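Next comes target-v1.pdb, with PDB, C-alpha atoms, pLDDT in the B column.
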ATOM      1  CA  MET A   1      24.240  -4.262  31.322  1.00 44.00           C
ATOM      2  CA  ASP A   2      22.953  -7.837  31.463  1.00 59.00           C
ATOM      3  CA  LYS A   3      19.702  -8.577  33.213  1.00 86.00           C
ATOM      4  CA  LYS A   4      20.298 -11.487  35.589  1.00 90.00           C
ATOM      5  CA  VAL A   5      18.222 -14.007  37.461  1.00 90.00           C
ATOM      6  CA  ILE A   6      20.119 -15.152  40.549  1.00 93.00           C
ATOM      7  CA  ILE A   7      19.241 -18.443  42.246  1.00 95.00           C
ATOM      8  CA  PRO A   8      20.979 -19.702  45.429  1.00 97.00           C
ATOM      9  CA  PHE A   9      22.253 -23.286  45.722  1.00 97.00           C
ATOM     10  CA  ARG A  10      24.399 -25.378  48.066  1.00 97.00           C
ATOM     11  CA  CYS A  11      26.725 -28.312  47.355  1.00 97.00           C
ATOM     12  CA  TRP A  12      25.173 -31.159  49.335  1.00 97.00           C
ATOM     13  CA  PRO A  13      26.962 -34.489  49.985  1.00 96.00           C
ATOM     14  CA  ILE A  14      24.909 -36.143  47.223  1.00 95.00           C
ATOM     15  CA  ASP A  15      26.347 -33.582  44.756  1.00 96.00           C
ATOM     16  CA  MET A  16      29.976 -34.531  45.461  1.00 95.00           C
ATOM     17  CA  ASP A  17      32.255 -36.949  43.703  1.00 94.00           C
ATOM     18  CA  ALA A  18      35.112 -39.091  45.069  1.00 94.00           C
ATOM     19  CA  PHE A  19      37.380 -36.030  45.124  1.00 94.00           C
ATOM     20  CA  PHE A  20      35.108 -34.212  47.614  1.00 95.00           C
ATOM     21  CA  HIS A  21      33.976 -31.397  45.376  1.00 96.00           C
ATOM     22  CA  MET A  22      30.869 -30.933  43.242  1.00 97.00           C
ATOM     23  CA  ASN A  23      30.642 -33.540  40.504  1.00 96.00           C
ATOM     24  CA  ASN A  24      30.993 -32.165  36.963  1.00 94.00           C
ATOM     25  CA  ALA A  25      27.568 -33.483  35.919  1.00 94.00           C
ATOM     26  CA  ASN A  26      25.877 -31.387  38.614  1.00 96.00           C
ATOM     27  CA  TYR A  27      26.921 -28.153  36.927  1.00 97.00           C
ATOM     28  CA  LEU A  28      24.688 -28.947  33.937  1.00 96.00           C
ATOM     29  CA  LEU A  29      21.908 -30.249  36.183  1.00 96.00           C
ATOM     30  CA  ASN A  30      21.927 -27.132  38.373  1.00 96.00           C
ATOM     31  CA  ALA A  31      22.130 -24.827  35.342  1.00 96.00           C
ATOM     32  CA  GLU A  32      18.981 -26.542  34.075  1.00 94.00           C
ATOM     33  CA  LEU A  33      17.291 -26.205  37.460  1.00 93.00           C
ATOM     34  CA  SER A  34      18.034 -22.488  37.441  1.00 93.00           C
ATOM     35  CA  ARG A  35      16.298 -22.202  34.040  1.00 89.00           C
ATOM     36  CA  TRP A  36      13.306 -24.149  35.372  1.00 86.00           C
ATOM     37  CA  ARG A  37      13.041 -21.690  38.250  1.00 84.00           C
ATOM     38  CA  THR A  38      12.310 -18.924  35.725  1.00 81.00           C
ATOM     39  CA  LEU A  39       9.456 -20.824  34.033  1.00 77.00           C
ATOM     40  CA  PRO A  40       6.630 -19.792  36.410  1.00 73.00           C
ATOM     41  CA  ALA A  41       7.562 -16.120  35.980  1.00 74.00           C
ATOM     42  CA  THR A  42       7.372 -16.336  32.184  1.00 76.00           C
ATOM     43  CA  SER A  43       3.565 -16.784  32.022  1.00 73.00           C
ATOM     44  CA  VAL A  44       4.020 -19.307  29.197  1.00 75.00           C
ATOM     45  CA  PHE A  45       3.578 -22.449  31.295  1.00 73.00           C
ATOM     46  CA  SER A  46      -0.018 -22.787  30.082  1.00 74.00           C
ATOM     47  CA  ARG A  47       1.456 -23.125  26.607  1.00 75.00           C
ATOM     48  CA  VAL A  48       3.484 -26.150  27.779  1.00 75.00           C
ATOM     49  CA  LEU A  49       0.229 -27.837  28.787  1.00 75.00           C
ATOM     50  CA  SER A  50      -1.731 -26.759  25.693  1.00 81.00           C
ATOM     51  CA  GLU A  51      -2.686 -29.003  22.792  1.00 85.00           C
ATOM     52  CA  LYS A  52       0.242 -27.733  20.688  1.00 85.00           C
ATOM     53  CA  GLY A  53       2.614 -27.968  23.618  1.00 85.00           C
ATOM     54  CA  MET A  54       6.020 -26.425  24.049  1.00 87.00           C
ATOM     55  CA  VAL A  55       9.306 -28.294  24.368  1.00 89.00           C
ATOM     56  CA  PHE A  56      12.711 -26.847  25.268  1.00 89.00           C
ATOM     57  CA  PHE A  57      15.709 -28.444  23.526  1.00 92.00           C
ATOM     58  CA  ALA A  58      19.280 -27.836  24.628  1.00 93.00           C
ATOM     59  CA  ALA A  59      21.312 -27.997  21.422  1.00 94.00           C
ATOM     60  CA  GLU A  60      24.770 -27.184  22.735  1.00 96.00           C
ATOM     61  CA  ASN A  61      26.425 -26.827  26.150  1.00 95.00           C
ATOM     62  CA  THR A  62      29.893 -25.554  26.936  1.00 97.00           C
ATOM     63  CA  VAL A  63      31.203 -25.700  30.488  1.00 97.00           C
ATOM     64  CA  ARG A  64      34.299 -23.916  31.767  1.00 98.00           C
ATOM     65  CA  TYR A  65      35.343 -25.170  35.181  1.00 97.00           C
ATOM     66  CA  LEU A  66      37.296 -22.434  36.959  1.00 98.00           C
ATOM     67  CA  ARG A  67      37.599 -23.677  40.554  1.00 97.00           C
ATOM     68  CA  PRO A  68      35.919 -26.416  42.607  1.00 97.00           C
ATOM     69  CA  ILE A  69      32.778 -25.996  44.657  1.00 98.00           C
ATOM     70  CA  LEU A  70      33.393 -27.689  48.006  1.00 97.00           C
ATOM     71  CA  PRO A  71      31.082 -29.759  50.238  1.00 96.00           C
ATOM     72  CA  MET A  72      28.299 -27.754  51.886  1.00 97.00           C
ATOM     73  CA  GLN A  73      29.457 -24.596  50.131  1.00 97.00           C
ATOM     74  CA  LYS A  74      26.782 -22.044  49.254  1.00 98.00           C
ATOM     75  CA  TYR A  75      26.884 -20.506  45.779  1.00 98.00           C
ATOM     76  CA  VAL A  76      24.579 -18.741  43.352  1.00 98.00           C
ATOM     77  CA  ILE A  77      23.883 -19.237  39.679  1.00 97.00           C
ATOM     78  CA  SER A  78      23.522 -15.954  37.846  1.00 96.00           C
ATOM     79  CA  THR A  79      21.614 -16.558  34.603  1.00 94.00           C
ATOM     80  CA  THR A  80      21.293 -14.291  31.585  1.00 92.00           C
ATOM     81  CA  CYS A  81      19.432 -14.942  28.348  1.00 91.00           C
ATOM     82  CA  SER A  82      19.882 -13.348  24.956  1.00 91.00           C
ATOM     83  CA  VAL A  83      18.401 -13.837  21.490  1.00 91.00           C
ATOM     84  CA  ASP A  84      19.226 -12.843  17.953  1.00 80.00           C
ATOM     85  CA  ASP A  85      16.251 -11.577  15.952  1.00 67.00           C
ATOM     86  CA  GLU A  86      17.577 -13.328  12.870  1.00 72.00           C
ATOM     87  CA  ASN A  87      17.361 -16.886  14.153  1.00 82.00           C
ATOM     88  CA  LYS A  88      15.576 -19.367  16.398  1.00 91.00           C
ATOM     89  CA  TRP A  89      18.111 -19.664  19.221  1.00 93.00           C
ATOM     90  CA  PHE A  90      18.039 -18.721  22.884  1.00 92.00           C
ATOM     91  CA  TYR A  91      21.512 -18.230  24.389  1.00 93.00           C
ATOM     92  CA  TYR A  92      21.786 -18.754  28.127  1.00 94.00           C
ATOM     93  CA  ARG A  93      24.816 -18.037  30.289  1.00 96.00           C
ATOM     94  CA  HIS A  94      24.942 -19.506  33.791  1.00 97.00           C
ATOM     95  CA  VAL A  95      27.722 -18.180  36.009  1.00 98.00           C
ATOM     96  CA  PHE A  96      28.346 -20.182  39.187  1.00 98.00           C
ATOM     97  CA  GLN A  97      29.537 -17.628  41.730  1.00 98.00           C
ATOM     98  CA  GLN A  98      30.444 -17.260  45.348  1.00 98.00           C
ATOM     99  CA  HIS A  99      27.357 -16.671  47.492  1.00 97.00           C
ATOM    100  CA  PRO A 100      26.980 -12.923  48.264  1.00 96.00           C
ATOM    101  CA  ASN A 101      27.047 -13.603  52.028  1.00 96.00           C
ATOM    102  CA  ASP A 102      30.540 -15.100  51.634  1.00 96.00           C
ATOM    103  CA  VAL A 103      32.093 -12.300  49.548  1.00 96.00           C
ATOM    104  CA  PRO A 104      34.461 -10.106  51.567  1.00 96.00           C
ATOM    105  CA  MET A 105      33.566  -6.405  51.535  1.00 95.00           C
ATOM    106  CA  GLY A 106      35.154  -4.549  48.644  1.00 96.00           C
ATOM    107  CA  THR A 107      35.863  -7.655  46.540  1.00 96.00           C
ATOM    108  CA  LEU A 108      34.151  -9.326  43.617  1.00 96.00           C
ATOM    109  CA  PRO A 109      32.580 -12.779  43.993  1.00 97.00           C
ATOM    110  CA  LYS A 110      34.706 -15.731  42.908  1.00 97.00           C
ATOM    111  CA  GLU A 111      33.520 -17.526  39.797  1.00 98.00           C
ATOM    112  CA  TYR A 112      33.474 -21.333  39.931  1.00 98.00           C
ATOM    113  CA  ALA A 113      32.169 -22.238  36.475  1.00 98.00           C
ATOM    114  CA  ILE A 114      30.455 -20.812  33.419  1.00 98.00           C
ATOM    115  CA  VAL A 115      27.884 -22.790  31.433  1.00 98.00           C
ATOM    116  CA  ASP A 116      26.920 -21.460  28.010  1.00 97.00           C
ATOM    117  CA  LEU A 117      23.841 -23.028  26.451  1.00 96.00           C
ATOM    118  CA  LYS A 118      22.275 -22.697  23.023  1.00 95.00           C
ATOM    119  CA  ALA A 119      18.639 -23.825  22.966  1.00 93.00           C
ATOM    120  CA  VAL A 120      15.551 -23.862  20.786  1.00 93.00           C
ATOM    121  CA  VAL A 121      11.867 -24.039  21.726  1.00 91.00           C
ATOM    122  CA  LYS A 122       9.443 -26.077  19.616  1.00 93.00           C
ATOM    123  CA  GLU A 123       5.839 -27.174  19.572  1.00 92.00           C
ATOM    124  CA  ARG A 124       5.230 -30.921  19.919  1.00 91.00           C
ATOM    125  CA  SER A 125       4.706 -31.042  16.144  1.00 93.00           C
ATOM    126  CA  GLY A 126       8.296 -29.914  15.646  1.00 93.00           C
ATOM    127  CA  LYS A 127       7.443 -26.362  14.564  1.00 93.00           C
ATOM    128  CA  THR A 128       9.970 -23.880  15.960  1.00 92.00           C
ATOM    129  CA  ILE A 129       8.680 -21.191  18.290  1.00 88.00           C
ATOM    130  CA  ARG A 130      10.750 -18.096  17.584  1.00 89.00           C
ATOM    131  CA  PRO A 131      12.128 -16.145  20.548  1.00 88.00           C
ATOM    132  CA  SER A 132      10.258 -13.036  19.385  1.00 86.00           C
ATOM    133  CA  GLU A 133       6.961 -14.922  19.790  1.00 86.00           C
ATOM    134  CA  LEU A 134       7.675 -15.870  23.407  1.00 85.00           C
ATOM    135  CA  ILE A 135       8.983 -12.398  24.193  1.00 84.00           C
ATOM    136  CA  GLN A 136       5.739 -10.925  22.858  1.00 85.00           C
ATOM    137  CA  GLU A 137       3.682 -13.274  25.078  1.00 83.00           C
ATOM    138  CA  SER A 138       5.640 -12.801  28.301  1.00 83.00           C
ATOM    139  CA  ALA A 139       6.306  -9.606  30.238  1.00 84.00           C
ATOM    140  CA  PHE A 140       9.064 -11.471  32.103  1.00 83.00           C
ATOM    141  CA  TYR A 141      10.866 -12.345  28.857  1.00 84.00           C
ATOM    142  CA  ARG A 142      10.435  -8.773  27.580  1.00 83.00           C
ATOM    143  CA  GLN A 143      12.214  -7.475  30.689  1.00 85.00           C
ATOM    144  CA  TRP A 144      14.820 -10.233  31.061  1.00 86.00           C
ATOM    145  CA  VAL A 145      15.924 -11.305  27.582  1.00 87.00           C
ATOM    146  CA  THR A 146      18.428  -9.069  25.818  1.00 85.00           C
ATOM    147  CA  LYS A 147      19.310  -8.750  22.152  1.00 77.00           C
ATOM    148  CA  ARG A 148      22.447 -10.702  21.374  1.00 73.00           C
ATOM    149  CA  SER A 149      25.355  -8.714  20.063  1.00 64.00           C
ATOM    150  CA  ILE A 150      27.093 -10.353  17.151  1.00 57.00           C
ATOM    151  CA  ASP A 151      30.709 -11.128  18.093  1.00 54.00           C
TER     152      ASP A 151
END
As structure tokens:
Amino acid sequence: MDKKVIIPFRCWPIDMDAFFHMNNANYLLNAELSRWRTLPATSVFSRVLSEKGMVFFAAENTVRYLRPILPMQKYVISTTCSVDDENKWFYYRHVFQQHPNDVPMGTLPKEYAIVDLKAVVKERSGKTIRPSELIQESAFYRQWVTKRSID
């Protein structure tokens, strides 16, 4: 079973487009904000500020829009992260779902969108920081990040 970090959001008027639903660009922005929300828990923030530094690079994003998020609607982003021991990549999946308070009893939450992200972490010098290194440094990553199954 996937280990998830769930962050609540709401579609504010500034998030909408001319068609009165959440603008497509906000899905990527809010997926990124949900990743940022995990940073304090990772215990690696001091590394970001260190002399060597740490930079997160999104290499590839895929968004599947399933249904619109409407004005003022509450929703959650359920985020999972996986790695493959053989390479340098972090694989994030952000599922935009109906807020738990709005899910009728006995039903599953509606899914609004799915954002898949492939990312790499590097030092300022350009040297890649392997996922195994960050997992070793952070109890949060050890508990949250799963091994990626090869499809």
Decode the PyMOL selection byres ((chain A and resi 140) around 10) for the given file into explicit residues and return them as a PyMOL selection string. chain A and resi 38-44+134-139+141-145
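Across the structure, atom CA of A:Tyr92 and atom CA of A:Gln73 are spaced 24.0 Å apart.
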What do you get, as a ChimeraX atom specification, if you spell out every residue that the PyMOL selection byres ((chain A and resi 98) around 10) selects here? /A:8,69,73-77,95-97,99-103,108-112
For the structure shown, which residues end up in the PyMOL selection byres ((chain A and resi 83) around 12)? Put them as number ranges by chain, please? A: 80-82, 84-93, 117-120, 130-135, 141-142, 144-150
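Atom CA of A:Val63 to atom CA of A:Val115 spans 4.5 Å [interatomic distance, one decimal].
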For A:Leu28: contacts at 12 Å, only C-alpha atoms, fewer than 4 positions along chain excluded, given as a PyMOL selection string: chain A and resi 15+22-24+32-35+58+60-65+77+93-96+113-117
Closest to A:Tyr27 among A:Gly53, A:Pro68, A:Pro104, A:Pro13, using only C-alpha atoms? A:Pro68
